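Here is the file target-v6.csv (CSV, C-alpha atoms).
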```csv
chain,number,residue,atom,x,y,z
A,155,MET,CA,54.8,-28.6,-36.7
A,156,SER,CA,51.8,-30.6,-35.5
A,157,THR,CA,52.1,-33.9,-33.8
A,158,PRO,CA,51.3,-36.8,-36.1
A,159,ILE,CA,48.0,-38.6,-35.3
A,160,THR,CA,48.4,-42.3,-35.0
A,161,ILE,CA,45.9,-43.5,-32.4
A,162,GLU,CA,42.9,-45.4,-33.9
A,163,ARG,CA,39.6,-45.0,-32.0
A,164,ARG,CA,38.8,-48.7,-31.6
A,165,LYS,CA,42.3,-49.5,-30.3
A,166,ALA,CA,42.1,-46.5,-28.0
A,167,VAL,CA,38.9,-47.8,-26.4
A,168,GLU,CA,40.3,-51.3,-26.2
A,169,HIS,CA,43.2,-49.9,-24.2
A,170,LEU,CA,40.9,-47.9,-22.0
A,171,LEU,CA,38.7,-50.9,-21.1
A,172,GLN,CA,41.0,-53.9,-21.2
A,173,ASP,CA,41.5,-53.9,-17.4
A,174,ARG,CA,38.3,-52.2,-16.4
A,175,GLY,CA,37.6,-54.0,-13.2
A,176,ASP,CA,34.4,-52.7,-11.6
A,177,MET,CA,34.6,-49.4,-13.5
A,178,LEU,CA,31.3,-47.9,-14.7
A,179,VAL,CA,31.2,-46.5,-18.3
A,180,VAL,CA,29.0,-43.9,-20.0
A,181,CYS,CA,29.5,-43.4,-23.7
A,182,GLY,CA,28.3,-40.6,-25.9
A,183,LEU,CA,26.1,-41.2,-28.9
A,184,GLY,CA,27.5,-42.3,-32.2
A,185,SER,CA,31.0,-43.7,-32.7
A,186,SER,CA,31.9,-43.6,-29.0
A,187,THR,CA,29.0,-46.0,-28.2
A,188,TYR,CA,30.0,-48.3,-31.1
A,189,ASP,CA,33.6,-48.3,-29.9
A,190,VAL,CA,32.7,-49.2,-26.4
A,191,PHE,CA,30.4,-52.0,-27.5
A,192,ALA,CA,33.0,-53.3,-29.9
A,193,ALA,CA,35.4,-53.6,-27.0
A,194,GLY,CA,33.0,-56.0,-25.4
A,195,ASP,CA,29.4,-55.7,-24.1
A,196,HIS,CA,29.2,-55.2,-20.4
A,197,HIS,CA,26.3,-54.5,-18.0
A,198,ALA,CA,28.3,-51.6,-16.5
A,199,ASN,CA,28.1,-49.8,-19.9
A,200,PHE,CA,25.5,-47.1,-20.4
A,201,TYR,CA,25.2,-46.7,-24.1
A,202,LEU,CA,23.7,-43.5,-25.5
A,203,TRP,CA,22.0,-43.3,-28.8
A,204,GLY,CA,20.7,-39.8,-28.3
A,205,ALA,CA,20.7,-37.1,-25.6
A,206,MET,CA,23.6,-35.4,-27.3
A,207,GLY,CA,25.6,-33.3,-24.8
A,208,GLY,CA,24.4,-35.3,-21.9
A,209,ALA,CA,27.2,-37.9,-21.4
A,210,VAL,CA,29.4,-35.9,-19.0
A,211,MET,CA,26.5,-35.0,-16.8
A,212,ILE,CA,25.2,-38.6,-16.7
A,213,GLY,CA,28.7,-39.5,-15.6
A,214,LEU,CA,28.6,-36.8,-12.9
A,215,GLY,CA,25.3,-37.9,-11.3
A,216,LEU,CA,26.6,-41.5,-11.4
A,217,ALA,CA,30.0,-40.6,-9.9
A,218,ILE,CA,28.3,-38.8,-7.0
A,219,ALA,CA,25.9,-41.8,-6.5
A,220,GLN,CA,28.7,-44.3,-6.6
A,221,PRO,CA,31.7,-42.7,-4.9
A,222,ASP,CA,33.5,-46.0,-4.4
A,223,ARG,CA,33.7,-46.9,-8.1
A,224,GLN,CA,35.6,-45.3,-10.9
A,225,VAL,CA,33.3,-43.7,-13.5
A,226,LEU,CA,34.6,-43.2,-17.1
A,227,VAL,CA,32.8,-41.1,-19.7
A,228,ILE,CA,34.0,-41.9,-23.2
A,229,THR,CA,32.7,-39.4,-25.8
A,230,GLY,CA,33.5,-37.6,-28.9
A,231,ASP,CA,34.5,-34.0,-29.6
A,232,GLY,CA,31.2,-33.0,-31.0
A,233,GLU,CA,29.2,-34.5,-28.1
A,234,ALA,CA,31.5,-32.9,-25.6
A,235,LEU,CA,31.3,-29.5,-27.3
A,236,MET,CA,27.5,-29.6,-27.2
A,237,GLY,CA,27.6,-30.0,-23.4
A,238,VAL,CA,30.7,-28.0,-22.8
A,239,GLY,CA,29.1,-26.2,-19.8
A,240,ALA,CA,29.1,-29.6,-18.1
A,241,LEU,CA,32.8,-29.3,-17.7
A,242,ALA,CA,32.2,-26.3,-15.4
A,243,SER,CA,29.5,-28.2,-13.5
A,244,VAL,CA,31.8,-31.2,-13.0
A,245,ALA,CA,34.6,-28.9,-11.8
A,246,ALA,CA,32.4,-27.3,-9.3
A,247,GLN,CA,31.7,-30.7,-7.8
A,248,LYS,CA,35.2,-32.1,-8.0
A,249,PRO,CA,34.3,-35.8,-8.0
A,250,ASP,CA,37.6,-37.6,-7.5
A,251,ASN,CA,36.2,-40.8,-9.2
A,252,LEU,CA,35.2,-39.3,-12.5
A,253,SER,CA,37.4,-39.4,-15.6
A,254,ILE,CA,36.4,-38.1,-19.1
A,255,VAL,CA,38.0,-39.2,-22.3
A,256,VAL,CA,37.2,-37.2,-25.4
A,257,LEU,CA,38.0,-39.2,-28.6
A,258,ASP,CA,38.9,-36.2,-30.8
A,259,ASN,CA,39.0,-36.7,-34.5
A,260,VAL,CA,38.1,-33.0,-35.0
A,261,HIS,CA,35.0,-33.9,-37.0
A,262,PHE,CA,31.3,-34.7,-36.7
A,263,GLY,CA,31.7,-38.3,-37.8
A,264,GLU,CA,28.0,-39.4,-38.0
A,265,THR,CA,26.8,-36.6,-40.1
A,266,GLY,CA,29.2,-36.3,-43.0
A,267,MET,CA,32.6,-35.6,-41.4
A,268,GLN,CA,32.1,-31.8,-41.1
A,269,LYS,CA,34.9,-30.2,-39.1
A,270,SER,CA,34.1,-29.6,-35.5
A,271,HIS,CA,35.4,-26.6,-33.4
A,272,THR,CA,38.5,-28.6,-32.4
A,273,ALA,CA,39.6,-28.5,-36.0
A,274,TYR,CA,39.6,-24.7,-35.7
A,275,GLY,CA,41.7,-24.7,-32.6
A,276,VAL,CA,39.3,-25.1,-29.7
A,277,ASP,CA,41.1,-27.0,-27.0
A,278,LEU,CA,38.8,-29.0,-24.7
A,279,ALA,CA,41.7,-29.9,-22.3
A,280,GLU,CA,42.5,-26.2,-21.9
A,281,ILE,CA,38.8,-25.5,-21.2
A,282,ALA,CA,38.7,-28.3,-18.6
A,283,ALA,CA,41.9,-27.0,-17.0
A,284,GLY,CA,40.4,-23.5,-16.9
A,285,CYS,CA,37.3,-24.9,-15.2
A,286,GLY,CA,39.5,-26.4,-12.5
A,287,PHE,CA,39.8,-30.1,-13.4
A,288,ASN,CA,42.4,-31.9,-11.2
A,289,SER,CA,44.2,-33.2,-14.3
A,290,THR,CA,43.9,-32.6,-18.0
A,291,GLU,CA,46.1,-33.8,-20.9
A,292,THR,CA,46.1,-34.3,-24.6
A,293,ILE,CA,47.2,-37.8,-25.7
A,294,TYR,CA,48.9,-38.7,-29.0
A,295,ASP,CA,50.4,-42.2,-28.3
A,296,TYR,CA,49.3,-45.5,-26.7
A,297,ASP,CA,51.9,-45.5,-23.9
A,298,THR,CA,50.5,-42.2,-22.6
A,299,LEU,CA,47.0,-43.5,-23.0
A,300,ASP,CA,47.9,-46.6,-21.0
A,301,ALA,CA,49.4,-44.4,-18.2
A,302,PHE,CA,46.1,-42.5,-18.1
A,303,THR,CA,44.2,-45.8,-18.0
A,304,ASN,CA,46.1,-47.1,-15.1
A,305,ILE,CA,43.8,-45.4,-12.6
A,306,PRO,CA,45.4,-46.6,-9.4
A,307,ASN,CA,48.5,-44.7,-10.3
A,308,ALA,CA,46.7,-41.7,-11.6
A,309,PRO,CA,45.9,-38.4,-9.8
A,310,SER,CA,42.5,-38.2,-8.3
A,311,GLY,CA,39.7,-36.7,-10.5
A,312,PRO,CA,38.1,-35.1,-12.0
A,313,ARG,CA,40.3,-35.9,-15.0
A,314,LEU,CA,39.9,-35.2,-18.6
A,315,ALA,CA,42.0,-36.5,-21.5
A,316,VAL,CA,41.6,-35.5,-25.1
A,317,VAL,CA,42.8,-38.4,-27.1
A,318,LYS,CA,43.7,-37.3,-30.6
A,319,ILE,CA,42.5,-40.0,-33.0
A,320,THR,CA,42.7,-40.6,-36.8
A,321,THR,CA,39.6,-40.1,-38.8
A,322,ASP,CA,39.3,-43.8,-39.6
A,323,ASN,CA,35.7,-45.0,-39.7
A,324,PRO,CA,35.5,-48.6,-38.5
A,325,PRO,CA,32.3,-50.7,-39.2
A,326,ARG,CA,29.5,-49.8,-36.9
A,327,ALA,CA,29.1,-52.1,-33.9
A,328,LEU,CA,25.6,-51.6,-32.6
A,329,PRO,CA,24.6,-52.3,-28.9
A,330,ASN,CA,21.0,-52.9,-27.9
A,331,VAL,CA,19.0,-49.7,-28.7
A,332,ASP,CA,16.5,-50.4,-25.9
A,333,GLY,CA,17.3,-47.8,-23.3
A,334,ILE,CA,15.1,-49.4,-20.6
A,335,TYR,CA,17.0,-52.7,-21.0
A,336,VAL,CA,20.4,-51.0,-20.8
A,337,LYS,CA,19.3,-49.0,-17.8
A,338,THR,CA,17.8,-51.9,-15.9
A,339,ARG,CA,20.7,-54.3,-16.3
A,340,PHE,CA,23.1,-51.5,-15.3
A,341,ARG,CA,21.1,-50.9,-12.1
A,342,GLN,CA,20.8,-54.6,-11.4
A,343,LEU,CA,24.6,-54.9,-11.6
A,344,LEU,CA,24.8,-52.4,-8.8
A,345,GLY,CA,22.1,-54.2,-6.7
A,346,HIS,CA,19.2,-52.0,-7.5
A,347,ALA,CA,16.0,-53.8,-8.4
A,348,PRO,CA,13.8,-52.5,-11.3
A,349,CYS,CA,10.7,-50.7,-10.0
B,1415,MET,CA,10.3,-11.5,-4.6
B,1416,ASN,CA,11.5,-11.3,-1.1
B,1417,ASP,CA,13.5,-14.5,-0.4
B,1418,LEU,CA,14.7,-13.2,3.0
B,1419,GLN,CA,11.4,-14.3,4.5
B,1420,PRO,CA,11.1,-18.1,3.9
B,1421,GLN,CA,7.7,-19.4,3.4
B,1422,ARG,CA,6.3,-22.5,5.1
B,1423,TRP,CA,5.7,-24.2,1.7
B,1424,GLN,CA,9.4,-23.8,0.9
B,1425,ASP,CA,10.3,-25.8,4.0
B,1426,ASP,CA,7.5,-28.3,3.1
B,1427,ILE,CA,9.4,-29.0,-0.2
B,1428,PHE,CA,12.6,-29.6,1.7
B,1429,GLU,CA,11.0,-31.9,4.1
B,1430,ALA,CA,9.3,-33.9,1.3
B,1431,LEU,CA,12.7,-34.3,-0.4
B,1432,LYS,CA,14.2,-35.5,2.9
B,1433,LYS,CA,11.4,-37.9,3.5
B,1434,ALA,CA,11.7,-39.4,0.0
B,1435,GLY,CA,15.5,-39.8,0.5
B,1436,VAL,CA,16.5,-37.4,-2.3
B,1437,LYS,CA,20.3,-37.1,-2.3
B,1438,GLN,CA,21.1,-35.0,-5.4
B,1439,VAL,CA,19.6,-31.6,-6.1
B,1440,PRO,CA,20.8,-30.0,-9.4
B,1441,TYR,CA,19.6,-26.5,-10.0
B,1442,VAL,CA,19.7,-23.3,-12.0
B,1443,PRO,CA,18.8,-20.8,-9.3
B,1444,ASP,CA,15.6,-18.8,-9.0
B,1445,ALA,CA,14.6,-16.5,-6.2
B,1446,GLY,CA,11.6,-18.8,-5.6
B,1447,HIS,CA,13.9,-21.7,-4.9
B,1448,ALA,CA,16.5,-19.6,-2.9
B,1449,HIS,CA,15.5,-20.8,0.5
B,1450,LEU,CA,15.3,-24.4,-0.6
B,1451,ILE,CA,18.7,-24.2,-2.3
B,1452,ARG,CA,20.2,-22.8,0.9
B,1453,ARG,CA,18.7,-25.7,3.0
B,1454,VAL,CA,20.1,-28.3,0.5
B,1455,HIS,CA,23.6,-26.7,0.8
B,1456,ASP,CA,23.3,-26.8,4.6
B,1457,ASP,CA,22.4,-30.5,4.6
B,1458,ALA,CA,25.4,-32.8,4.8
B,1459,ASP,CA,23.5,-35.7,3.4
B,1460,MET,CA,22.5,-33.9,0.1
B,1461,THR,CA,24.6,-32.9,-2.8
B,1462,PRO,CA,23.6,-29.6,-4.4
B,1463,ILE,CA,24.8,-29.4,-8.1
B,1464,VAL,CA,24.9,-25.9,-9.6
B,1465,LEU,CA,24.3,-26.1,-13.4
B,1466,THR,CA,25.2,-23.9,-16.3
B,1467,THR,CA,22.0,-24.9,-18.1
B,1468,GLU,CA,18.9,-26.8,-17.1
B,1469,GLU,CA,19.3,-29.8,-19.4
B,1470,GLU,CA,22.5,-30.7,-17.5
B,1471,GLY,CA,20.3,-31.5,-14.6
B,1472,VAL,CA,18.1,-33.8,-16.6
B,1473,ALA,CA,21.1,-35.8,-17.5
B,1474,SER,CA,22.7,-35.8,-14.1
B,1475,SER,CA,19.4,-36.9,-12.5
B,1476,CYS,CA,19.4,-39.9,-14.9
B,1477,GLY,CA,23.0,-40.7,-13.9
B,1478,ALA,CA,22.1,-40.5,-10.2
B,1479,TRP,CA,19.3,-43.1,-10.7
B,1480,LEU,CA,21.7,-45.3,-12.7
B,1481,GLY,CA,23.8,-45.3,-9.6
B,1482,GLY,CA,20.9,-45.8,-7.2
B,1483,GLN,CA,20.3,-42.2,-5.9
B,1484,LYS,CA,17.3,-40.0,-6.2
B,1485,SER,CA,17.6,-36.6,-7.7
B,1486,VAL,CA,15.2,-33.7,-8.1
B,1487,LEU,CA,15.9,-30.8,-10.5
B,1488,LEU,CA,15.1,-27.2,-9.6
B,1489,MET,CA,14.7,-24.5,-12.2
B,1490,GLN,CA,12.5,-21.6,-13.3
B,1491,SER,CA,10.1,-21.7,-16.2
B,1492,SER,CA,12.5,-19.8,-18.5
B,1493,GLY,CA,14.8,-22.9,-18.5
B,1494,VAL,CA,12.2,-25.5,-19.4
B,1495,GLY,CA,12.8,-25.1,-23.2
B,1496,ASN,CA,16.5,-25.8,-22.7
B,1497,CYS,CA,15.5,-29.3,-21.5
B,1498,VAL,CA,13.4,-30.5,-24.4
B,1499,ASN,CA,15.8,-32.8,-26.3
B,1500,MET,CA,17.4,-34.1,-23.1
B,1501,LEU,CA,14.0,-35.2,-21.9
B,1502,SER,CA,14.2,-37.9,-24.5
B,1503,LEU,CA,16.7,-39.6,-22.2
B,1504,VAL,CA,14.1,-39.7,-19.5
B,1505,THR,CA,11.3,-40.9,-21.8
B,1506,ASN,CA,13.2,-43.4,-23.9
B,1507,CYS,CA,14.9,-45.1,-20.9
B,1508,ASN,CA,11.9,-44.7,-18.6
B,1509,PHE,CA,13.8,-42.9,-15.9
B,1510,PRO,CA,11.9,-41.6,-12.9
B,1511,PHE,CA,12.0,-37.8,-13.0
B,1512,VAL,CA,10.9,-35.0,-10.9
B,1513,THR,CA,11.5,-31.3,-11.5
B,1514,ILE,CA,10.2,-28.4,-9.5
B,1515,VAL,CA,9.7,-25.3,-11.6
B,1516,SER,CA,9.1,-21.8,-10.2
B,1517,MET,CA,6.9,-20.0,-12.7
B,1518,ARG,CA,7.8,-16.6,-14.1
B,1519,GLY,CA,5.9,-14.6,-16.7
B,1520,GLU,CA,2.4,-15.1,-15.4
B,1521,TYR,CA,0.7,-13.5,-12.3
B,1522,GLY,CA,1.8,-9.8,-12.1
B,1523,GLU,CA,4.8,-10.1,-14.3
B,1524,PHE,CA,6.7,-6.9,-15.1
B,1525,ASN,CA,9.3,-8.5,-17.4
B,1526,SER,CA,7.6,-9.5,-20.7
B,1527,TRP,CA,10.7,-11.5,-21.8
B,1528,GLN,CA,9.6,-14.1,-19.3
B,1529,VAL,CA,6.2,-14.6,-20.8
B,1530,PRO,CA,6.7,-16.7,-24.0
B,1531,MET,CA,8.6,-19.5,-22.2
B,1532,SER,CA,6.2,-19.3,-19.3
B,1533,ARG,CA,3.2,-19.9,-21.5
B,1534,ALA,CA,5.0,-22.7,-23.3
B,1535,THR,CA,6.1,-24.5,-20.1
B,1536,PRO,CA,3.2,-27.0,-19.6
B,1537,THR,CA,3.1,-28.0,-23.3
B,1538,SER,CA,6.9,-28.3,-23.5
B,1539,PHE,CA,6.8,-30.9,-20.7
B,1540,GLN,CA,3.7,-32.6,-22.0
B,1541,MET,CA,5.0,-33.0,-25.6
B,1542,MET,CA,8.0,-34.9,-24.2
B,1543,GLY,CA,5.8,-37.2,-22.1
B,1544,ILE,CA,6.2,-35.4,-18.7
B,1545,GLU,CA,3.1,-35.1,-16.5
B,1546,VAL,CA,2.5,-31.6,-15.2
B,1547,MET,CA,1.2,-30.8,-11.7
B,1548,ARG,CA,0.5,-27.3,-10.6
B,1549,CYS,CA,0.5,-25.6,-7.2
B,1550,ASP,CA,-1.4,-22.3,-6.7
B,1551,THR,CA,-1.8,-22.2,-3.0
B,1552,PRO,CA,0.7,-22.8,-0.1
B,1553,ASP,CA,-1.2,-25.8,1.3
B,1554,GLN,CA,-1.0,-27.7,-2.0
B,1555,VAL,CA,2.8,-27.6,-2.2
B,1556,GLY,CA,3.9,-30.2,0.4
B,1557,PRO,CA,1.3,-32.9,-0.5
B,1558,THR,CA,1.9,-32.4,-4.3
B,1559,VAL,CA,5.7,-32.7,-4.0
B,1560,ASP,CA,5.3,-35.7,-1.7
B,1561,ALA,CA,2.9,-37.4,-4.1
B,1562,ALA,CA,5.1,-36.7,-7.1
B,1563,LEU,CA,8.2,-38.1,-5.5
B,1564,TYR,CA,6.3,-41.2,-4.5
B,1565,SER,CA,4.9,-41.8,-8.0
B,1566,ALA,CA,8.2,-41.1,-9.6
B,1567,PHE,CA,10.5,-43.3,-7.5
B,1568,ALA,CA,8.0,-46.1,-6.8
B,1569,SER,CA,6.8,-46.5,-10.4
B,1570,GLU,CA,9.1,-44.5,-12.6
B,1571,GLN,CA,6.8,-41.7,-13.4
B,1572,LYS,CA,8.0,-38.4,-14.9
B,1573,ILE,CA,6.6,-35.3,-13.3
B,1574,ALA,CA,7.0,-31.5,-13.4
B,1575,ILE,CA,5.6,-29.5,-10.5
B,1576,LEU,CA,4.9,-25.9,-11.4
B,1577,LEU,CA,4.9,-23.4,-8.5
B,1578,SER,CA,2.7,-20.6,-9.7
B,1579,GLN,CA,3.9,-17.0,-9.6
B,1580,ARG,CA,0.8,-16.2,-7.5
B,1581,LEU,CA,2.1,-18.6,-4.9
B,1582,ILE,CA,5.7,-17.4,-5.0
B,1583,GLY,CA,4.8,-13.7,-5.1
B,1584,ARG,CA,5.4,-11.3,-7.9
B,1585,LYS,CA,8.9,-9.9,-8.3
B,1586,GLU,CA,9.1,-6.2,-7.3
B,1587,TRP,CA,11.0,-4.0,-9.7
```
Please go through the file and, once you have read it, give me the structure as structure tokens.
Amino acid sequence: MSTPITIERRKAVEHLLQDRGDMLVVCGLGSSTYDVFAAGDHHANFYLWGAMGGAVMIGLGLAIAQPDRQVLVITGDGEALMGVGALASVAAQKPDNLSIVVLDNVHFGETGMQKSHTAYGVDLAEIAAGCGFNSTETIYDYDTLDAFTNIPNAPSGPRLAVVKITTDNPPRALPNVDGIYVKTRFRQLLGHAPC
Amino acid sequence: MNDLQPQRWQDDIFEALKKAGVKQVPYVPDAGHAHLIRRVHDDADMTPIVLTTEEEGVASSCGAWLGGQKSVLLMQSSGVGNCVNMLSLVTNCNFPFVTIVSMRGEYGEFNSWQVPMSRATPTSFQMMGIEVMRCDTPDQVGPTVDAALYSAFASEQKIAILLSQRLIGRKEW
């Protein structure tokens, strides 16, 4: 018998970001970006509108550059699957400040709700575990999600959580599409001037 | 390709990276980069990042810059096509970008499978808005890498440096 899916994507991201402190966030294109923006715009958010498959590796480069900050990548199952090799590249580096959350509704939500590989049994948490992540889990309830979110009490990274979410499709919440603006304000927050 | 005998130009690349303050070096290996990759691994102040595919290094380099570090991607020409869509991240967000590409499939190539992507390498970069610089002789390498790093990180330019197969030496089969 399968575990019932009750977590809604917007509420999941609200839980992840409600006490974010100085955490840096990279979000994958499509619904993950809308969810992160809906939880509140922040200069420490790097919103992707493209570059599918790149969110985890952007997070890795950022985590290495900012070892004293927590870095959280929030992305979907489709985006994570396109860049699945990145889980191996992250595991080879073992950045202890990097966490990855895959919001898994087992579908490609932006393109007509076609089933993704996770609908056919592909398990991204098992893949990450096989790569050598320090902690991996699959989350079905908000209490477990809150425990994952409470980073000071969490094991050191790299961590990956697959959060099983319903297929609800909340209204789009669109952050600024200007990548130069989003990049520049992110860097300024960290004290880096634009060129 | 005999990577047991490091060439002076390979050390020139490393010294240019050090001078520019490059901290992260993602790579998919190639014999032409082997000495440089070893030197990066031996440097406590640099982070080598082994990749499963080249576009990962495009993304990680952008992440590095978001966090205030400089990154240079190493690959061979066969991997350039893998990067095409990810280069939209570089172009759309105006990230500084430098990649050093060892060319295969040109001067004295035995393996014909290397040829199509080799011939498409300059246009693949150019169609995505990346400037191409080419080194054919050892004395061009250090100054070219130095100039590319300066332009990229001082004024957010995007540059691919192609190291010709004539420079690297043909692979013996």
inquiry  = To one decimal place in Å, what is the distance between CA of Ala301 in chain A and CA of Ala315 in chain A?
reply    = 11.3 Å
Please build the interface table for range 1445-1541 of chain B against range 193-208 of chain A with a cut-off of 12 Å, listing for each qualifying residue the nearest atom pair and the distance in Å to one decimal; count all atoms listed in the file, order rows by chain and increasing number, and write it as a tab-separated table.
```
residue	atom	partner	partner_atom	distance
B:Thr1467	CA	A:Gly208	CA	11.3
B:Glu1468	CA	A:Gly208	CA	11.2
B:Glu1469	CA	A:Gly208	CA	7.9
B:Glu1470	CA	A:Gly208	CA	6.6
B:Gly1471	CA	A:Gly208	CA	9.2
B:Val1472	CA	A:Gly208	CA	8.4
B:Ala1473	CA	A:Gly208	CA	5.5
B:Ser1474	CA	A:Gly208	CA	8.0
B:Ser1475	CA	A:Gly208	CA	10.8
B:Cys1476	CA	A:Gly208	CA	9.8
B:Gly1477	CA	A:Phe200	CA	9.5
B:Leu1480	CA	A:Phe200	CA	8.8
B:Gly1481	CA	A:Ala198	CA	10.4
B:Asn1496	CA	A:Gly207	CA	12.0
B:Cys1497	CA	A:Ala205	CA	10.2
B:Val1498	CA	A:Ala205	CA	9.9
B:Asn1499	CA	A:Ala205	CA	6.6
B:Met1500	CA	A:Ala205	CA	5.1
B:Leu1501	CA	A:Ala205	CA	7.9
B:Ser1502	CA	A:Ala205	CA	6.6
B:Leu1503	CA	A:Ala205	CA	5.8
B:Val1504	CA	A:Ala205	CA	9.4
B:Thr1505	CA	A:Ala205	CA	10.8
B:Asn1506	CA	A:Gly204	CA	9.4
B:Cys1507	CA	A:Leu202	CA	10.1
```
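All chain A residues having an atom within 7 Å of chain B, based on all atoms listed in the file, amount to Ala205, Gly208, Met211, Ile212, Gly213, Leu214, Gly215, Leu216, Ala219, Gln220, Gly239, Ala240, Ser243, Gly333, Ile334, Lys337, Phe340, Arg341, His346 and Cys349 of chain A.
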Range 225-236 of chain A surroundings by only C-alpha atoms, 9 Å radius, close-in-sequence under 4 positions cut, as a ChimeraX atom specification = /A:167,177-187,190,206-210,212-214,216-217,220-221,240-241,251-263,270-272,278,316
key: Residue among B:Ala1534, B:Leu1450, B:Val1512, B:Ala1445 lying closest to Lys1572 in chain B, counting only C-alpha atoms   =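 When distances to Lys1572 in chain B are compared using only C-alpha atoms, the smallest one comes from B:Val1512.
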Test item: residues at most 10 Å from Gln1554 in chain B, all atoms listed in the file, excluding those fewer than 5 positions along its chain, as a VMD selection string = chain B and resid 1423 1426 1548 to 1549 1559 1577
request  = Work out how far apart CA of Thr290 in chain A and CA of Leu314 in chain A are and give it in Å to one decimal.
outcome  = 4.8 Å
query = CA of Gly1522 in chain B and CA of Arg1584 in chain B are how many Å apart?
reply = 5.7 Å
key: Protein/DNA/RNA residues near (14.7, -20.8, -13.3), cut 7 Å, all atoms listed in the file, as a PyMOL selection string   = chain B and resi 1442-1444+1489-1493+1515-1516
Output file for the residues above (C-alpha atoms, as a short mmCIF file (atom, residue, chain, number, x, y, z; two decimals), in the frame of the given file):
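This is the output file part-v7.cif:
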```cif
data_model
loop_
_atom_site.label_atom_id
_atom_site.label_comp_id
_atom_site.auth_asym_id
_atom_site.auth_seq_id
_atom_site.Cartn_x
_atom_site.Cartn_y
_atom_site.Cartn_z
CA VAL B 1442 19.70 -23.30 -12.00
CA PRO B 1443 18.80 -20.80 -9.30
CA ASP B 1444 15.60 -18.80 -9.00
CA MET B 1489 14.70 -24.50 -12.20
CA GLN B 1490 12.50 -21.60 -13.30
CA SER B 1491 10.10 -21.70 -16.20
CA SER B 1492 12.50 -19.80 -18.50
CA GLY B 1493 14.80 -22.90 -18.50
CA VAL B 1515 9.70 -25.30 -11.60
CA SER B 1516 9.10 -21.80 -10.20
#
```
query = Which polymer residues have any atom within 7 Å of an atom of range 320-325 of chain A, counting all atoms listed in the file, with same-chain residues fewer than 6 positions away left out, as a list in words?
reply =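 Residues near the query, excluding close chain neighbours: Ile159, Thr160, Ile161, Glu162 and Asn259 of chain A.
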inquiry  = Excluding Ile1451 in chain B and its own-chain neighbours fewer than 3 positions away, which residues fall within 9 Å of it when counting only C-alpha atoms? Please give them as an NGL selection string.
reply    = :B and (1439 or 1441 or 1443 or 1447-1448 or 1454-1456 or 1462 or 1488)
Could you please take those selected residues and save C-alpha atoms as a compact mmCIF listing (two decimals), in the coordinates of the input?
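Generated file (out-v7.txt):
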```txt
# COMPACT_ATOMS: atom_id res chain seq x y z
CA VAL B 1439 19.60 -31.60 -6.10
CA TYR B 1441 19.60 -26.50 -10.00
CA PRO B 1443 18.80 -20.80 -9.30
CA HIS B 1447 13.90 -21.70 -4.90
CA ALA B 1448 16.50 -19.60 -2.90
CA VAL B 1454 20.10 -28.30 0.50
CA HIS B 1455 23.60 -26.70 0.80
CA ASP B 1456 23.30 -26.80 4.60
CA PRO B 1462 23.60 -29.60 -4.40
CA LEU B 1488 15.10 -27.20 -9.60
```
Quick one: residues within 8 Å of Leu299 in chain A, all atoms listed in the file counted, chain neighbours fewer than 6 positions away excluded, as a compact mmCIF listing (two decimals) with C-alpha atoms, in the coordinates of the input?
```
# COMPACT_ATOMS: atom_id res chain seq x y z
CA ALA A 166 42.10 -46.50 -28.00
CA HIS A 169 43.20 -49.90 -24.20
CA LEU A 170 40.90 -47.90 -22.00
CA ILE A 293 47.20 -37.80 -25.70
CA VAL A 317 42.80 -38.40 -27.10
```
inquiry  = Please determine, counting all atoms listed in the file, which residue among B:Met1531, B:Leu1576, B:Leu1563, B:Ala1458 has the shortest atom-to-atom distance to Ala1430 in chain B.
reply    =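 Using all atoms listed in the file, Ala1430 in chain B sits closest to B:Leu1563.
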inquiry  = Nearest residue to Glu280 in chain A out of A:Ile305, A:Val238, A:Val336, A:Arg174, using all atoms listed in the file?
reply    = A:Val238
